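J.: protein.pdb is the file, holding PDB, C-alpha atoms:
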MODEL        1
ATOM      1  CA  MET A   3      -6.596 -15.035 -10.895
ATOM      2  CA  LYS A   4      -6.611 -11.485 -12.235
ATOM      3  CA  GLY A   5      -7.757  -8.540 -10.181
ATOM      4  CA  ASN A   6     -10.490  -6.072 -11.104
ATOM      5  CA  LEU A   7      -9.879  -2.814 -12.932
ATOM      6  CA  ILE A   8     -11.845  -0.069 -11.164
ATOM      7  CA  ILE A   9     -12.427   3.370 -12.674
ATOM      8  CA  ILE A  10     -13.163   6.092 -10.133
ATOM      9  CA  SER A  11     -13.943   9.647 -11.228
ATOM     10  CA  ALA A  12     -15.067  12.723  -9.327
ATOM     11  CA  PRO A  13     -15.129  16.498  -9.708
ATOM     12  CA  SER A  14     -12.199  18.309  -8.134
ATOM     13  CA  GLY A  15     -12.868  19.013  -4.440
ATOM     14  CA  THR A  16     -15.269  16.110  -3.919
ATOM     15  CA  GLY A  17     -12.929  14.455  -1.425
ATOM     16  CA  LYS A  18     -11.961  11.513  -3.596
ATOM     17  CA  THR A  19      -8.313  11.474  -2.480
ATOM     18  CA  THR A  20      -9.248  11.348   1.216
ATOM     19  CA  LEU A  21     -11.837   8.668   0.485
ATOM     20  CA  LEU A  22      -9.338   6.466  -1.350
ATOM     21  CA  LYS A  23      -6.700   6.826   1.378
ATOM     22  CA  LYS A  24      -9.242   5.601   3.938
ATOM     23  CA  LEU A  25     -10.240   2.723   1.659
ATOM     24  CA  PHE A  26      -6.628   1.577   1.254
ATOM     25  CA  ALA A  27      -6.187   1.597   5.027
ATOM     26  CA  GLU A  28      -9.238  -0.626   5.502
ATOM     27  CA  LEU A  29      -9.235  -3.016   2.531
ATOM     28  CA  LYS A  30      -6.555  -5.491   1.454
ATOM     29  CA  GLY A  31      -5.742  -6.494  -2.104
ATOM     30  CA  VAL A  32      -6.322  -3.112  -3.707
ATOM     31  CA  THR A  33      -3.697  -0.831  -5.196
ATOM     32  CA  PHE A  34      -3.511   2.576  -6.794
ATOM     33  CA  SER A  35      -2.505   3.118 -10.390
ATOM     34  CA  ILE A  36      -0.011   5.984 -10.294
ATOM     35  CA  SER A  37      -0.593   8.306 -13.228
ATOM     36  CA  HIS A  38       1.960  10.283 -15.193
ATOM     37  CA  ALA A  39       1.432  14.041 -14.942
ATOM     38  CA  THR A  40       3.065  17.106 -16.476
ATOM     39  CA  ARG A  41       2.038  19.527 -13.715
ATOM     40  CA  ASN A  42       4.344  20.590 -10.891
ATOM     41  CA  PRO A  43       4.100  18.664  -7.590
ATOM     42  CA  ARG A  44       1.958  20.242  -4.879
ATOM     43  CA  SER A  45       3.298  20.621  -1.357
ATOM     44  CA  GLY A  46       3.932  17.179   0.149
ATOM     45  CA  GLU A  47       3.518  15.244  -3.103
ATOM     46  CA  GLN A  48       6.259  12.781  -4.040
ATOM     47  CA  ASN A  49       7.341  11.533  -7.445
ATOM     48  CA  GLY A  50       6.511   7.854  -7.849
ATOM     49  CA  VAL A  51       4.076   7.970  -4.936
ATOM     50  CA  ASP A  52       1.395  10.500  -5.891
ATOM     51  CA  TYR A  53       2.266  10.809  -9.592
ATOM     52  CA  TYR A  54       5.112  10.191 -11.977
ATOM     53  CA  PHE A  55       5.972  13.817 -12.732
ATOM     54  CA  VAL A  56       7.337  14.207 -16.267
ATOM     55  CA  ASP A  57       7.801  17.064 -18.717
ATOM     56  CA  GLN A  58       5.503  17.479 -21.706
ATOM     57  CA  GLU A  59       8.098  16.217 -24.173
ATOM     58  CA  THR A  60       8.437  12.908 -22.300
ATOM     59  CA  PHE A  61       4.677  12.571 -21.975
ATOM     60  CA  LYS A  62       4.053  13.175 -25.686
ATOM     61  CA  LYS A  63       6.715  10.606 -26.606
ATOM     62  CA  MET A  64       4.982   7.991 -24.407
ATOM     63  CA  ARG A  65       1.636   8.892 -25.981
ATOM     64  CA  THR A  66       3.060   8.472 -29.486
ATOM     65  CA  ASN A  67       4.390   5.040 -28.471
ATOM     66  CA  ASN A  68       0.860   4.038 -27.317
ATOM     67  CA  GLU A  69       2.041   3.454 -23.735
ATOM     68  CA  PHE A  70      -1.080   4.885 -22.092
ATOM     69  CA  LEU A  71      -4.327   3.091 -21.314
ATOM     70  CA  GLU A  72      -5.850   6.568 -21.281
ATOM     71  CA  TRP A  73      -4.631  10.139 -21.247
ATOM     72  CA  ALA A  74      -6.208  13.561 -20.958
ATOM     73  CA  LYS A  75      -5.447  17.256 -20.787
ATOM     74  CA  VAL A  76      -6.958  18.717 -17.618
ATOM     75  CA  HIS A  77      -6.589  22.308 -16.431
ATOM     76  CA  GLY A  78      -3.751  22.820 -18.897
ATOM     77  CA  ASN A  79      -1.766  19.741 -17.839
ATOM     78  CA  TYR A  80      -1.482  16.209 -19.244
ATOM     79  CA  TYR A  81      -2.293  13.064 -17.253
ATOM     80  CA  GLY A  82      -1.956   9.442 -18.382
ATOM     81  CA  THR A  83      -2.239   5.869 -17.100
ATOM     82  CA  SER A  84       0.532   3.416 -18.036
ATOM     83  CA  LYS A  85      -0.717   0.191 -19.632
ATOM     84  CA  LYS A  86       2.315  -1.697 -18.368
ATOM     85  CA  GLU A  87       1.776  -0.744 -14.718
ATOM     86  CA  VAL A  88      -1.928  -1.610 -14.768
ATOM     87  CA  SER A  89      -1.341  -5.011 -16.407
ATOM     88  CA  ARG A  90       1.416  -5.871 -13.919
ATOM     89  CA  HIS A  91      -0.823  -5.228 -10.897
ATOM     90  CA  LEU A  92      -3.833  -7.050 -12.362
ATOM     91  CA  ALA A  93      -1.683 -10.107 -13.103
ATOM     92  CA  GLN A  94      -0.672 -10.165  -9.427
ATOM     93  CA  GLY A  95      -4.339 -10.544  -8.461
ATOM     94  CA  LEU A  96      -4.657  -6.995  -7.165
ATOM     95  CA  ASP A  97      -7.642  -4.757  -7.782
ATOM     96  CA  VAL A  98      -6.338  -1.652  -9.547
ATOM     97  CA  ILE A  99      -8.019   1.698  -9.000
ATOM     98  CA  LEU A 100      -7.774   4.178 -11.861
ATOM     99  CA  ASP A 101      -8.250   7.632 -10.361
ATOM    100  CA  ILE A 102      -9.074   9.375 -13.638
ATOM    101  CA  ASP A 103     -11.354  12.123 -14.908
ATOM    102  CA  VAL A 104     -14.364  11.649 -17.182
ATOM    103  CA  GLN A 105     -12.250  12.152 -20.321
ATOM    104  CA  GLY A 106      -9.975   9.268 -19.333
ATOM    105  CA  ALA A 107     -12.920   7.083 -18.343
ATOM    106  CA  ARG A 108     -14.455   7.672 -21.759
ATOM    107  CA  GLN A 109     -11.253   6.494 -23.442
ATOM    108  CA  VAL A 110     -11.131   3.310 -21.363
ATOM    109  CA  ARG A 111     -14.775   2.553 -22.187
ATOM    110  CA  GLU A 112     -14.158   3.034 -25.898
ATOM    111  CA  SER A 113     -10.820   1.313 -26.378
ATOM    112  CA  SER A 114      -9.704  -0.739 -23.377
ATOM    113  CA  GLY A 115      -9.328  -4.484 -23.778
ATOM    114  CA  GLU A 116      -9.489  -4.915 -20.009
ATOM    115  CA  LYS A 117     -12.712  -5.683 -18.137
ATOM    116  CA  TYR A 118     -13.593  -2.981 -15.626
ATOM    117  CA  PHE A 119     -16.343  -1.409 -13.560
ATOM    118  CA  SER A 120     -16.754   2.283 -12.817
ATOM    119  CA  ILE A 121     -17.737   4.469  -9.866
ATOM    120  CA  PHE A 122     -18.577   8.185  -9.847
ATOM    121  CA  ILE A 123     -18.050  10.158  -6.620
ATOM    122  CA  ALA A 124     -20.379  13.174  -6.337
ATOM    123  CA  PRO A 125     -20.443  16.085  -3.865
ATOM    124  CA  PRO A 126     -23.508  16.502  -1.632
ATOM    125  CA  SER A 127     -24.229  19.977  -3.074
ATOM    126  CA  TRP A 128     -22.731  22.750  -5.205
ATOM    127  CA  GLU A 129     -22.351  24.930  -2.110
ATOM    128  CA  GLU A 130     -20.365  22.240  -0.321
ATOM    129  CA  LEU A 131     -18.177  21.663  -3.363
ATOM    130  CA  GLU A 132     -17.341  25.372  -3.570
ATOM    131  CA  ARG A 133     -16.624  25.466   0.171
ATOM    132  CA  ARG A 134     -14.230  22.519  -0.098
ATOM    133  CA  LEU A 135     -12.375  24.005  -3.080
ATOM    134  CA  THR A 136     -12.019  27.376  -1.376
ATOM    135  CA  GLY A 137     -11.014  25.810   1.936
ATOM    136  CA  ARG A 138      -8.042  23.970   0.422
ATOM    137  CA  GLY A 139      -6.225  27.264  -0.008
ATOM    138  CA  THR A 140      -4.132  25.883  -2.876
ATOM    139  CA  ASP A 141      -5.886  27.437  -5.873
ATOM    140  CA  SER A 142      -6.561  30.959  -7.124
ATOM    141  CA  ASP A 143     -10.099  32.320  -7.513
ATOM    142  CA  GLU A 144      -9.762  31.908 -11.276
ATOM    143  CA  THR A 145      -8.741  28.246 -10.910
ATOM    144  CA  ILE A 146     -11.613  27.559  -8.504
ATOM    145  CA  LYS A 147     -14.064  29.083 -10.975
ATOM    146  CA  LEU A 148     -12.654  26.877 -13.746
ATOM    147  CA  ARG A 149     -12.888  23.755 -11.580
ATOM    148  CA  LEU A 150     -16.534  24.506 -10.757
ATOM    149  CA  GLN A 151     -17.331  24.975 -14.448
ATOM    150  CA  ASN A 152     -15.667  21.656 -15.257
ATOM    151  CA  SER A 153     -17.540  19.980 -12.405
ATOM    152  CA  ARG A 154     -20.884  20.791 -14.025
ATOM    153  CA  LEU A 155     -19.748  19.082 -17.228
ATOM    154  CA  GLU A 156     -18.328  16.088 -15.348
ATOM    155  CA  ILE A 157     -21.473  15.435 -13.318
ATOM    156  CA  LYS A 158     -23.474  15.202 -16.555
ATOM    157  CA  GLU A 159     -21.508  12.014 -17.309
ATOM    158  CA  ALA A 160     -22.326  10.354 -13.970
ATOM    159  CA  PRO A 161     -25.118   8.195 -15.524
ATOM    160  CA  LEU A 162     -22.489   6.465 -17.690
ATOM    161  CA  TYR A 163     -20.863   4.933 -14.584
ATOM    162  CA  ASP A 164     -21.902   1.636 -13.015
ATOM    163  CA  TYR A 165     -22.191   3.093  -9.511
ATOM    164  CA  MET A 166     -22.507   6.520  -7.902
ATOM    165  CA  ILE A 167     -21.533   7.504  -4.357
ATOM    166  CA  VAL A 168     -22.373  10.864  -2.762
ATOM    167  CA  ASN A 169     -19.470  11.800  -0.490
ATOM    168  CA  ASP A 170     -21.462  13.506   2.246
ATOM    169  CA  THR A 171     -19.849  11.816   5.256
ATOM    170  CA  LEU A 172     -16.467  10.128   4.826
ATOM    171  CA  ASP A 173     -17.247   6.985   6.842
ATOM    172  CA  GLN A 174     -20.478   6.277   4.981
ATOM    173  CA  ALA A 175     -18.920   6.892   1.556
ATOM    174  CA  THR A 176     -16.004   4.600   2.425
ATOM    175  CA  ASN A 177     -18.348   1.837   3.575
ATOM    176  CA  ILE A 178     -20.299   2.023   0.320
ATOM    177  CA  LEU A 179     -17.130   2.006  -1.787
ATOM    178  CA  ARG A 180     -15.692  -0.963   0.116
ATOM    179  CA  SER A 181     -18.988  -2.865  -0.225
ATOM    180  CA  ILE A 182     -19.064  -2.330  -4.001
ATOM    181  CA  ILE A 183     -15.522  -3.653  -4.405
ATOM    182  CA  ILE A 184     -16.173  -6.704  -2.203
ATOM    183  CA  ALA A 185     -19.383  -7.475  -4.123
ATOM    184  CA  GLN A 186     -17.472  -7.347  -7.415
ATOM    185  CA  ARG A 187     -14.837  -9.677  -5.972
ATOM    186  CA  SER A 188     -17.572 -12.191  -5.148
ATOM    187  CA  ARG A 189     -18.692 -12.135  -8.786
ATOM    188  CA  SER A 190     -15.221 -13.253  -9.863
ATOM    189  CA  ARG A 191     -15.091 -15.934  -7.122
ATOM    190  CA  ARG A 192     -12.769 -14.047  -4.788
ATOM    191  CA  ASP A 193     -13.176 -13.453  -1.068
ATOM    192  CA  ALA A 194     -13.446 -10.108   0.762
ATOM    193  CA  GLU A 195      -9.653  -9.732   0.778
ATOM    194  CA  GLY A 196      -9.366 -10.504  -2.926
ATOM    195  CA  LEU A 197      -8.074 -14.063  -2.614
ATOM    196  CA  PRO A 198      -9.429 -16.869  -4.839
ATOM    197  CA  LEU A 199     -12.320 -18.884  -3.417
ATOM    198  CA  SER A 200     -12.270 -22.665  -3.633
ATOM    199  CA  LEU A 201     -15.385 -24.812  -3.446
ATOM    200  CA  PRO A 202     -15.382 -27.778  -1.050
ATOM    201  CA  GLN A 203     -14.686 -31.129  -2.682
ATOM    202  CA  LEU A 204     -17.880 -33.172  -2.927
TER     203      LEU A 204
ENDMDL
END
When written as structure tokens, how does the structure in this file appear?
T.:
Amino acid sequence: MKGNLIIISAPSGTGKTTLLKKLFAELKGVTFSISHATRNPRSGEQNGVDYYFVDQETFKKMRTNNEFLEWAKVHGNYYGTSKKEVSRHLAQGLDVILDIDVQGARQVRESSGEKYFSIFIAPPSWEELERRLTGRGTDSDETIKLRLQNSRLEIKEAPLYDYMIVNDTLDQATNILRSIIIAQRSRSRRDAEGLPLSLPQL
């Protein structure tokens, strides 16, 4: 039985990465689709764990060969999701989370042959979003300003998603996200851990 394809998008600084790490620690049967990226690794990031870091020439060759389920240019860098990796995980019965921006989500909606559902993670306020971006200490003032501008555009697309979660407190947001995924598993006759359900013989 195939797993579910789950699109999750959020403005930069919303806390999506922390939220997903907590989800993975608490819920079985879910995996992360590792994207290809042309940007340089941040401190602590590992190739093949956080992203597949490639140069632009390699990325463009893969794009020409139609190897991406979706791809986008974000903040001057390219990001893409491998069709092959997603299909492999789904065939194993795992739920696959696509951590992609609104551009990528739009591509999946328009052209993907896979069934999916989508979740938008929103910040509790603009002030909190700015505080989180500034507090990371990894971006310049110019980059933070750009991310905030992009966030306004991204949030306008939130109504296109099936679900929306406001990441105010981490525990509450995680509980809501886990509940959504478990509910979707029940629709496809799978239990809370993602395993197939069997009806009793009458």
J.: Could you tell me which residues the PyMOL selection byres ((chain A and resi 54) around 12) grabs in this file, written as a list in words?
T.: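 Evaluating the PyMOL selection byres ((chain A and resi 54) around 12) on this file yields Ser35, Ile36, Ser37, His38, Ala39, Thr40, Arg41, Asn42, Pro43, Glu47, Gln48, Asn49, Gly50, Val51, Asp52, Tyr53, Phe55, Val56, Asp57, Thr60, Phe61, Tyr80, Tyr81, Gly82, Thr83, Ser84 and Glu87 of chain A.
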J.: Within 8 Å of (-20.1, 2.0, -21.2) in the file's own coordinates, which protein, DNA or RNA residues have an atom, counting all atoms listed in the file? List them as an MDAnalysis selection string.
T.: chainID A and resid 111:112 162:163
J.: So which one's closest to Ile184 in chain A, A:Ile157, A:Leu25, A:Ala124, A:Met166? Using all atoms listed in the file, please.
T.: A:Leu25
J.: For the PyMOL selection byres ((chain A and resi 92-109) around 6), applied here, can you spell out every residue it catches as a ChimeraX atom specification?
T.: /A:3-11,31-35,72-74,89-91,110-113
J.: What is the CA of Ala12 in chain A-CA of Phe122 in chain A distance in Å, reported with one decimal?
T.: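 About the pair CA of Ala12 in chain A and CA of Phe122 in chain A: they are 5.8 Å apart.
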J.: Identify which of the residues A:Lys158, A:Phe70, A:Ser181, A:Gln203 lies closest to Val88 in chain A, counting all atoms listed in the file when measuring atom-to-atom distances.
T.: A:Phe70
J.: Enclose the full set of atoms of range 60-66 of chain A listed in the file within a box whose edges lie along x, y and z, apply 6 Å of padding to each of the six sides, and report centre and edge lengths in Å to one decimal as AutoDock Vina command-line options.
T.:
--center_x 5.0 --center_y 10.6 --center_z -25.7 --size_x 18.8 --size_y 17.2 --size_z 19.5
J.: Mind giving me the straight-line distance from CA of Leu172 in chain A to CA of Trp128 in chain A in Å, one decimal?
T.: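 Going from CA of Leu172 in chain A over to CA of Trp128 in chain A, I get 17.3 Å.
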J.: Identify, on the basis of all atoms listed in the file, every residue whose closest approach to range 176-179 of chain A does not exceed 12 Å; exclude the query and any residue fewer than 3 positions from it along the same chain; express the result as a ChimeraX atom specification.
T.: /A:8-10,17-29,99,120-123,165-173,182-186
J.: Which residues come within 10 Å of Glu130 in chain A, counting all atoms listed in the file, excluding same-chain residues fewer than 4 positions away, as a ChimeraX atom specification?
T.: /A:15-16,125-126,134-136,170
J.: Kindly give the distance, in Å, that separates CA of Leu204 in chain A and CA of Arg187 in chain A, rounded to a single decimal.
T.: 23.9 Å
J.: Which residue out of A:Pro13, A:Arg44, A:Asn79, A:Gly196 has the minimum interatomic distance to Glu159 in chain A when all atoms listed in the file are used?
T.: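 For Glu159 in chain A, the nearest of the candidates is A:Pro13.
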J.: Evaluate the PyMOL selection byres ((chain A and resi 148) around 12) on the structure here and hand back the selected residues as a short mmCIF file (atom, residue, chain, number, x, y, z; two decimals) with C-alpha atoms, in the frame of the given file.
T.:
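In the end it all went to expr_15.cif:
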data_model
loop_
_atom_site.label_atom_id
_atom_site.label_comp_id
_atom_site.auth_asym_id
_atom_site.auth_seq_id
_atom_site.Cartn_x
_atom_site.Cartn_y
_atom_site.Cartn_z
CA PRO A 13 -15.13 16.50 -9.71
CA SER A 14 -12.20 18.31 -8.13
CA VAL A 76 -6.96 18.72 -17.62
CA HIS A 77 -6.59 22.31 -16.43
CA GLY A 78 -3.75 22.82 -18.90
CA GLU A 132 -17.34 25.37 -3.57
CA LEU A 135 -12.38 24.00 -3.08
CA ASP A 141 -5.89 27.44 -5.87
CA SER A 142 -6.56 30.96 -7.12
CA ASP A 143 -10.10 32.32 -7.51
CA GLU A 144 -9.76 31.91 -11.28
CA THR A 145 -8.74 28.25 -10.91
CA ILE A 146 -11.61 27.56 -8.50
CA LYS A 147 -14.06 29.08 -10.98
CA ARG A 149 -12.89 23.76 -11.58
CA LEU A 150 -16.53 24.51 -10.76
CA GLN A 151 -17.33 24.98 -14.45
CA ASN A 152 -15.67 21.66 -15.26
CA SER A 153 -17.54 19.98 -12.40
CA ARG A 154 -20.88 20.79 -14.02
CA LEU A 155 -19.75 19.08 -17.23
#
